[in-house]
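What follows is a single structure, written as structure tokens, with notes after it.
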Amino acid sequence: MHRPGHQQSPCSAVPEASTGPAEGDPVPGSPSRRRVLRGAGTLAVLGAAGTGAYTLRRRFSPPVDPRTVVPLFSATVAYDASGTRQLIEADRARTGTDSLDPGTRLLSAVPAAAAARERAAEFLAGTAWWTDALAEGSGALSSRPALRELASSALADLWVLTDELPAPVAGWSRNWRFIWPRDAAFAAVALARIGHPDRALDVLTHLESLQAGDGWYEARYVPGTDRAPDDRARQFDGTGLVLWAAAEVVATAPRERRTAVRERLAGLISTSQRVLLASTGDGAVMPPVSPDYWEVHERSVTLGIMATTLAGLRAGAELTGEDRARRAAETFRSLLTETFGAHGYQRHRRGGGADSALAFLDATGCHGIAPADQLLSLRQELARPGGGIAPGASWKADGISWTPSTSLLALALARSGRTTEAVELLIWLAQHRTEAGSLPEKVLFDGRPAAVAPLAWTAANVLLALDALNED
């Protein structure tokens, strides 16, 4: 799904061999994502995020254009009068050719009695108490209309990518229209927090049905099937994140329902915990080498895999209360700090530069592991000219901000009590939505939204960050 010469997305896809080019597909003869990675340089940022002051330190050629332009594939996705989801092109949204009902992902032409309109109304009614709490609270959100508007956009984005599907798809553009366990895990937690715990539970039980007997997940799945759309490698972070999501959904349930919710997820909990314990020697050894949210081949374990494995081990201990699980989580935490921590929590154990995967720790409740100033410094270390961040220091230096990484950092900051910094990032996300109000995957060097819109993982991160801030 990456453009020619562009790096793979944190929640991304590659075109299927049986189909022709579509938006975001590579053209024949374009460099592969792995060749692009090997040729990528490192972006060193001077000064605060968003100032545009930066220099490039390249170890390899060819040179990279820091003012790369990627098109905006769609301004949003919305239901039309026939009850079909369609991509709304940016120019049509701009001219009003496809007008949306305010605060929805429904075209105005959708009949009043249409099933999609009824489902949208039901979804929003379920979140009414949550949105009211944002408006009526006394914290950082009540005085910022932009954040309440951001919440409305994220709710609409998450709904349209979840509605009548077994689990949310990453996006609606063709090569994103798949279920990533990682993205769906965050979406399930968001659904539970905003007032749809039953829908969250449905997402997790579907993920349980997709899980292999050895506890692993494919990188992504065709909705409604257990089939991967291509032969990309399985990704170990799905196991830890889905177990983390299960613990969050259980904890969100009313106390009198928690046992029932836990029992419904018993198979998922048991399988996931078993593979996490076995794969880490009860927390004493590193997990298997696997691609992570960068979606590239790896030769050694990454910080993203370590952080999500810890999240899963901690969740398993919380869900089962077993001493063995608790000891394994504590042992693995020590392993993480003694290995990755000894070298500054870089992408790999001894190098690779800063990685936005550091935010997985605080985002999943693993607080107090990395130094507080190191999490804060990601905004500067990974800054891009448009004001957001890149997935990592060794990511391609093309000037593009990525909203999955930026929103994940906002969530980590919010959940770790760094309100001011979290609000700054959320305001930035609010200011860089498409003209239809959706959260895009990318933001260019000059602030324009680009690539896919909306994106489920970004929407979920935004909702969870707002929820955390509203609890302060």
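Ordering of the structure tokens sets the chain letters (A, B, ...); residue numbers start at 1 within each chain; ligands are numbered from 1 in the order shown.
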Would you please extract all helix (DSSP H, G or I) residues from region 108-291 of chain A, as assigned by DSSP on the backbone, and give them as a ChimeraX atom specification? /A:115-126,128-136,145-160,174-176,181-194,197-210,237-252,255-264,266-279
Those selected residues, please, written with C-alpha atoms and delivered as a short mmCIF file (atom, residue, chain, number, x, y, z; two decimals), in the first residue's frame.
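Once everything was written out, this is out.cif:
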data_model
loop_
_atom_site.label_atom_id
_atom_site.label_comp_id
_atom_site.auth_asym_id
_atom_site.auth_seq_id
_atom_site.Cartn_x
_atom_site.Cartn_y
_atom_site.Cartn_z
CA ALA A 115 -30.68 1.16 8.62
CA ALA A 116 -27.26 2.84 8.56
CA ARG A 117 -28.74 6.02 10.02
CA GLU A 118 -30.42 4.02 12.79
CA ARG A 119 -27.18 2.23 13.61
CA ALA A 120 -25.26 5.48 13.70
CA ALA A 121 -27.83 7.03 16.04
CA GLU A 122 -27.68 3.98 18.31
CA PHE A 123 -23.89 4.14 18.45
CA LEU A 124 -23.86 7.85 19.31
CA ALA A 125 -26.59 7.37 21.91
CA GLY A 126 -24.40 4.79 23.61
CA ALA A 128 -23.68 10.25 24.95
CA TRP A 129 -22.72 9.96 28.61
CA TRP A 130 -19.05 9.90 27.63
CA THR A 131 -19.22 12.94 25.37
CA ASP A 132 -21.30 14.79 27.98
CA ALA A 133 -18.59 14.07 30.54
CA LEU A 134 -16.00 15.65 28.23
CA ALA A 135 -18.08 18.79 27.89
CA GLU A 136 -19.02 19.08 31.56
CA PRO A 145 -13.92 23.08 21.98
CA ALA A 146 -11.34 21.79 19.50
CA LEU A 147 -10.85 18.66 21.60
CA ARG A 148 -14.58 18.03 21.89
CA GLU A 149 -14.82 18.36 18.12
CA LEU A 150 -11.87 15.97 17.81
CA ALA A 151 -13.72 13.48 20.00
CA SER A 152 -16.77 13.72 17.72
CA SER A 153 -14.60 13.07 14.66
CA ALA A 154 -12.83 10.11 16.23
CA LEU A 155 -16.13 8.57 17.34
CA ALA A 156 -17.53 8.88 13.81
CA ASP A 157 -14.33 7.46 12.28
CA LEU A 158 -14.26 4.48 14.61
CA TRP A 159 -17.95 3.77 14.02
CA VAL A 160 -17.74 3.76 10.23
CA ARG A 174 -8.66 -1.18 -0.63
CA ASN A 175 -5.32 -2.21 0.81
CA TRP A 176 -6.24 -1.15 4.33
CA PRO A 181 -5.08 -7.54 15.59
CA ARG A 182 -2.95 -4.66 16.89
CA ASP A 183 -5.35 -1.97 15.66
CA ALA A 184 -8.41 -3.95 16.70
CA ALA A 185 -7.04 -4.40 20.23
CA PHE A 186 -6.82 -0.64 20.74
CA ALA A 187 -10.22 -0.18 19.14
CA ALA A 188 -11.77 -2.73 21.51
CA VAL A 189 -10.42 -0.87 24.53
CA ALA A 190 -11.71 2.42 23.14
CA LEU A 191 -15.15 0.95 22.50
CA ALA A 192 -15.32 -0.29 26.07
CA ARG A 193 -14.28 3.08 27.50
CA ILE A 194 -16.70 5.19 25.44
CA PRO A 197 -18.57 -2.73 26.21
CA ASP A 198 -20.62 -5.39 24.45
CA ARG A 199 -19.24 -4.34 21.07
CA ALA A 200 -15.75 -4.39 22.56
CA LEU A 201 -16.34 -7.92 23.80
CA ASP A 202 -17.55 -8.97 20.36
CA VAL A 203 -14.33 -7.66 18.83
CA LEU A 204 -12.21 -9.64 21.29
CA THR A 205 -14.16 -12.86 20.82
CA HIS A 206 -13.66 -12.48 17.08
CA LEU A 207 -9.94 -12.01 17.62
CA GLU A 208 -10.02 -15.16 19.75
CA SER A 209 -11.52 -17.03 16.78
CA LEU A 210 -8.65 -15.84 14.58
CA ASP A 237 2.88 -8.12 19.16
CA GLY A 238 -0.72 -9.08 18.43
CA THR A 239 -0.68 -11.72 21.15
CA GLY A 240 0.41 -9.34 23.90
CA LEU A 241 -1.81 -6.48 22.80
CA VAL A 242 -4.95 -8.58 22.48
CA LEU A 243 -4.38 -9.98 25.98
CA TRP A 244 -3.82 -6.42 27.24
CA ALA A 245 -7.08 -5.39 25.59
CA ALA A 246 -8.88 -8.26 27.29
CA ALA A 247 -7.67 -7.08 30.70
CA GLU A 248 -8.76 -3.51 29.94
CA VAL A 249 -12.22 -4.59 28.79
CA VAL A 250 -12.68 -6.76 31.88
CA ALA A 251 -11.59 -3.91 34.14
CA THR A 252 -14.00 -1.51 32.42
CA ARG A 255 -17.82 -5.21 39.04
CA GLU A 256 -20.78 -7.59 39.04
CA ARG A 257 -20.16 -8.46 35.36
CA ARG A 258 -16.41 -8.92 35.40
CA THR A 259 -16.48 -12.63 36.13
CA ALA A 260 -18.86 -13.25 33.24
CA VAL A 261 -16.77 -11.15 30.86
CA ARG A 262 -13.59 -12.92 31.96
CA GLU A 263 -15.23 -16.30 31.43
CA ARG A 264 -16.33 -15.37 27.94
CA ALA A 266 -11.30 -17.59 28.94
CA GLY A 267 -9.97 -19.26 25.79
CA LEU A 268 -8.26 -16.09 24.58
CA ILE A 269 -6.73 -15.46 27.98
CA SER A 270 -5.48 -19.02 28.41
CA THR A 271 -3.97 -19.36 24.93
CA SER A 272 -2.34 -15.94 24.94
CA GLN A 273 -0.88 -16.30 28.40
CA ARG A 274 0.44 -19.76 27.60
CA VAL A 275 2.35 -18.61 24.51
CA LEU A 276 3.71 -15.51 26.24
CA LEU A 277 5.03 -17.53 29.17
CA ALA A 278 6.47 -20.27 26.96
CA SER A 279 8.04 -17.88 24.46
#
Quick one: residues within 6 Å of region 290-304 of chain A, only C-alpha atoms, excluding same-chain residues fewer than 3 positions away - as a compact mmCIF listing (two decimals) with N, CA, C and O atoms, in the first residue's frame?
# COMPACT_ATOMS: atom_id res chain seq x y z
N PRO A 10 2.75 2.06 9.80
CA PRO A 10 2.60 1.28 11.02
C PRO A 10 1.37 0.40 11.01
O PRO A 10 1.32 -0.62 11.67
N GLN A 235 3.02 -11.62 13.27
CA GLN A 235 3.57 -10.58 14.13
C GLN A 235 3.22 -10.87 15.58
O GLN A 235 2.05 -10.97 15.95
N PHE A 236 4.27 -10.98 16.40
CA PHE A 236 4.09 -11.43 17.77
C PHE A 236 3.44 -10.39 18.67
O PHE A 236 2.88 -10.74 19.71
N ALA A 307 7.87 -4.28 24.41
CA ALA A 307 6.87 -3.52 25.16
C ALA A 307 5.50 -4.19 25.13
O ALA A 307 4.80 -4.25 26.15
N ARG A 347 15.40 1.37 19.28
CA ARG A 347 14.57 0.41 18.54
C ARG A 347 15.05 -1.02 18.74
O ARG A 347 14.25 -1.93 18.94
N HIS A 348 16.36 -1.22 18.69
CA HIS A 348 16.92 -2.53 18.97
C HIS A 348 17.73 -2.45 20.27
O HIS A 348 17.98 -1.37 20.79
N ALA A 357 7.74 3.28 19.63
CA ALA A 357 7.27 2.12 20.39
C ALA A 357 7.49 2.30 21.89
O ALA A 357 6.85 1.61 22.69
Contacts of region 217-233 of chain A within 6 Å, only C-alpha atoms, excl. fewer than 6 positions in-chain, as a VMD selection string: chain A and resid 178 to 180 210 to 211
Quick one: residues within 12 Å of region 444-446 of chain A, only C-alpha atoms counted, chain neighbours fewer than 3 positions away excluded, as an mmCIF file with N, CA, C and O atoms, in the first residue's frame?
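This is the output file part.cif:
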data_model
loop_
_atom_site.group_PDB
_atom_site.id
_atom_site.type_symbol
_atom_site.label_atom_id
_atom_site.label_comp_id
_atom_site.auth_asym_id
_atom_site.auth_seq_id
_atom_site.Cartn_x
_atom_site.Cartn_y
_atom_site.Cartn_z
ATOM 1 N N ALA A 49 9.317 20.670 18.023
ATOM 2 C CA ALA A 49 8.565 20.035 16.954
ATOM 3 C C ALA A 49 7.775 21.080 16.190
ATOM 4 O O ALA A 49 7.226 21.997 16.758
ATOM 5 N N GLY A 50 7.693 20.880 14.874
ATOM 6 C CA GLY A 50 6.873 21.747 14.061
ATOM 7 C C GLY A 50 7.572 22.994 13.579
ATOM 8 O O GLY A 50 6.998 23.781 12.830
ATOM 9 N N THR A 51 8.799 23.251 13.961
ATOM 10 C CA THR A 51 9.467 24.471 13.526
ATOM 11 C C THR A 51 10.027 24.340 12.127
ATOM 12 O O THR A 51 10.307 25.333 11.467
ATOM 13 N N GLY A 52 10.228 23.104 11.695
ATOM 14 C CA GLY A 52 10.787 22.894 10.364
ATOM 15 C C GLY A 52 12.299 22.956 10.345
ATOM 16 O O GLY A 52 12.911 22.823 9.287
ATOM 17 N N ALA A 53 12.939 23.162 11.479
ATOM 18 C CA ALA A 53 14.399 23.223 11.529
ATOM 19 C C ALA A 53 14.941 21.821 11.758
ATOM 20 O O ALA A 53 14.741 21.244 12.803
ATOM 21 N N TYR A 54 15.569 21.265 10.743
ATOM 22 C CA TYR A 54 16.085 19.915 10.890
ATOM 23 C C TYR A 54 17.234 19.704 9.913
ATOM 24 O O TYR A 54 17.399 20.431 8.943
ATOM 25 N N ASP A 65 14.018 12.954 -0.115
ATOM 26 C CA ASP A 65 13.429 14.280 -0.202
ATOM 27 C C ASP A 65 12.631 14.575 1.069
ATOM 28 O O ASP A 65 11.627 13.906 1.340
ATOM 29 N N PRO A 66 13.052 15.542 1.882
ATOM 30 C CA PRO A 66 12.341 15.849 3.117
ATOM 31 C C PRO A 66 11.047 16.614 2.897
ATOM 32 O O PRO A 66 10.368 16.959 3.862
ATOM 33 N N ARG A 67 10.721 16.885 1.630
ATOM 34 C CA ARG A 67 9.464 17.559 1.313
ATOM 35 C C ARG A 67 8.615 16.664 0.410
ATOM 36 O O ARG A 67 7.956 17.105 -0.526
ATOM 37 N N THR A 68 8.607 15.387 0.735
ATOM 38 C CA THR A 68 7.870 14.408 -0.049
ATOM 39 C C THR A 68 6.370 14.693 0.002
ATOM 40 O O THR A 68 5.833 15.046 1.049
ATOM 41 N N VAL A 69 5.720 14.535 -1.135
ATOM 42 C CA VAL A 69 4.277 14.750 -1.219
ATOM 43 C C VAL A 69 3.594 13.418 -1.519
ATOM 44 O O VAL A 69 3.956 12.716 -2.461
ATOM 45 N N VAL A 70 2.626 13.073 -0.696
ATOM 46 C CA VAL A 70 1.798 11.891 -0.871
ATOM 47 C C VAL A 70 0.361 12.377 -1.017
ATOM 48 O O VAL A 70 -0.063 13.262 -0.270
ATOM 49 N N PRO A 71 -0.406 11.849 -1.953
ATOM 50 C CA PRO A 71 -1.783 12.323 -2.105
ATOM 51 C C PRO A 71 -2.667 11.899 -0.937
ATOM 52 O O PRO A 71 -2.354 10.964 -0.207
ATOM 53 N N LEU A 72 -3.759 12.610 -0.776
ATOM 54 C CA LEU A 72 -4.791 12.216 0.175
ATOM 55 C C LEU A 72 -5.770 11.329 -0.575
ATOM 56 O O LEU A 72 -6.453 11.778 -1.490
ATOM 57 N N ALA A 383 10.555 14.406 15.655
ATOM 58 C CA ALA A 383 9.735 15.467 15.080
ATOM 59 C C ALA A 383 9.872 15.558 13.570
ATOM 60 O O ALA A 383 10.943 15.350 13.001
ATOM 61 N N ARG A 384 8.768 15.872 12.937
ATOM 62 C CA ARG A 384 8.723 16.141 11.511
ATOM 63 C C ARG A 384 8.260 17.581 11.284
ATOM 64 O O ARG A 384 7.579 18.158 12.148
ATOM 65 N N PRO A 385 8.591 18.163 10.143
ATOM 66 C CA PRO A 385 8.287 19.579 9.920
ATOM 67 C C PRO A 385 6.822 19.947 10.109
ATOM 68 O O PRO A 385 6.507 21.053 10.528
ATOM 69 N N GLY A 386 5.907 19.022 9.799
ATOM 70 C CA GLY A 386 4.485 19.325 9.924
ATOM 71 C C GLY A 386 4.002 19.401 11.347
ATOM 72 O O GLY A 386 2.890 19.862 11.597
ATOM 73 N N GLY A 387 4.808 18.919 12.312
ATOM 74 C CA GLY A 387 4.449 19.043 13.716
ATOM 75 C C GLY A 387 4.185 17.748 14.442
ATOM 76 O O GLY A 387 4.108 17.728 15.666
ATOM 77 N N GLY A 388 4.023 16.639 13.718
ATOM 78 C CA GLY A 388 3.858 15.342 14.364
ATOM 79 C C GLY A 388 5.185 14.625 14.459
ATOM 80 O O GLY A 388 6.250 15.244 14.386
ATOM 81 N N ILE A 389 5.136 13.302 14.613
ATOM 82 C CA ILE A 389 6.373 12.528 14.727
ATOM 83 C C ILE A 389 6.396 11.392 13.718
ATOM 84 O O ILE A 389 5.366 10.984 13.187
ATOM 85 N N ALA A 390 7.595 10.893 13.476
ATOM 86 C CA ALA A 390 7.806 9.703 12.666
ATOM 87 C C ALA A 390 7.806 8.480 13.579
ATOM 88 O O ALA A 390 7.969 8.599 14.791
ATOM 89 N N ALA A 397 13.480 9.576 6.061
ATOM 90 C CA ALA A 397 13.481 11.018 6.341
ATOM 91 C C ALA A 397 12.801 11.776 5.212
ATOM 92 O O ALA A 397 13.433 12.491 4.433
ATOM 93 N N ASP A 398 11.497 11.633 5.116
ATOM 94 C CA ASP A 398 10.741 12.243 4.034
ATOM 95 C C ASP A 398 9.889 13.423 4.487
ATOM 96 O O ASP A 398 9.097 13.959 3.710
ATOM 97 N N GLY A 399 10.035 13.814 5.762
ATOM 98 C CA GLY A 399 9.292 14.960 6.267
ATOM 99 C C GLY A 399 7.864 14.669 6.662
ATOM 100 O O GLY A 399 7.120 15.586 7.025
ATOM 101 N N ILE A 400 7.444 13.408 6.634
ATOM 102 C CA ILE A 400 6.046 13.061 6.878
ATOM 103 C C ILE A 400 5.819 12.663 8.332
ATOM 104 O O ILE A 400 6.556 11.845 8.889
ATOM 105 N N SER A 401 4.785 13.243 8.931
ATOM 106 C CA SER A 401 4.338 12.846 10.274
ATOM 107 C C SER A 401 3.345 11.695 10.139
ATOM 108 O O SER A 401 2.553 11.642 9.187
ATOM 109 N N TRP A 402 3.380 10.805 11.111
ATOM 110 C CA TRP A 402 2.472 9.653 11.114
ATOM 111 C C TRP A 402 1.527 9.766 12.304
ATOM 112 O O TRP A 402 1.969 9.826 13.458
ATOM 113 N N THR A 403 0.237 9.767 12.037
ATOM 114 C CA THR A 403 -0.718 9.929 13.141
ATOM 115 C C THR A 403 -0.831 8.707 14.052
ATOM 116 O O THR A 403 -1.130 8.885 15.237
ATOM 117 N N HIS A 432 -5.154 18.906 12.075
ATOM 118 C CA HIS A 432 -4.663 18.301 10.842
ATOM 119 C C HIS A 432 -5.575 17.182 10.347
ATOM 120 O O HIS A 432 -5.127 16.250 9.673
ATOM 121 N N ARG A 433 -6.848 17.313 10.664
ATOM 122 C CA ARG A 433 -7.836 16.418 10.071
ATOM 123 C C ARG A 433 -8.120 16.828 8.626
ATOM 124 O O ARG A 433 -7.745 17.904 8.185
ATOM 125 N N PRO A 440 -6.334 11.517 9.357
ATOM 126 C CA PRO A 440 -5.593 10.830 8.302
ATOM 127 C C PRO A 440 -4.459 9.986 8.867
ATOM 128 O O PRO A 440 -4.099 10.098 10.035
ATOM 129 N N GLU A 441 -3.881 9.189 8.005
ATOM 130 C CA GLU A 441 -2.725 8.388 8.403
ATOM 131 C C GLU A 441 -1.456 9.234 8.459
ATOM 132 O O GLU A 441 -0.625 9.048 9.332
ATOM 133 N N PRO A 449 -3.043 16.963 5.254
ATOM 134 C CA PRO A 449 -3.314 15.546 5.506
ATOM 135 C C PRO A 449 -3.060 14.731 4.251
ATOM 136 O O PRO A 449 -3.231 15.237 3.130
ATOM 137 N N ALA A 450 -2.642 13.486 4.426
ATOM 138 C CA ALA A 450 -2.285 12.666 3.270
ATOM 139 C C ALA A 450 -2.589 11.203 3.536
ATOM 140 O O ALA A 450 -2.831 10.787 4.667
ATOM 141 N N ALA A 451 -2.573 10.431 2.454
ATOM 142 C CA ALA A 451 -2.789 8.982 2.466
ATOM 143 C C ALA A 451 -4.208 8.644 2.899
ATOM 144 O O ALA A 451 -5.163 9.273 2.447
#
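Going from CA of Leu141 (chain A) to CA of Ala354 (chain A) covers 29.9 Å.
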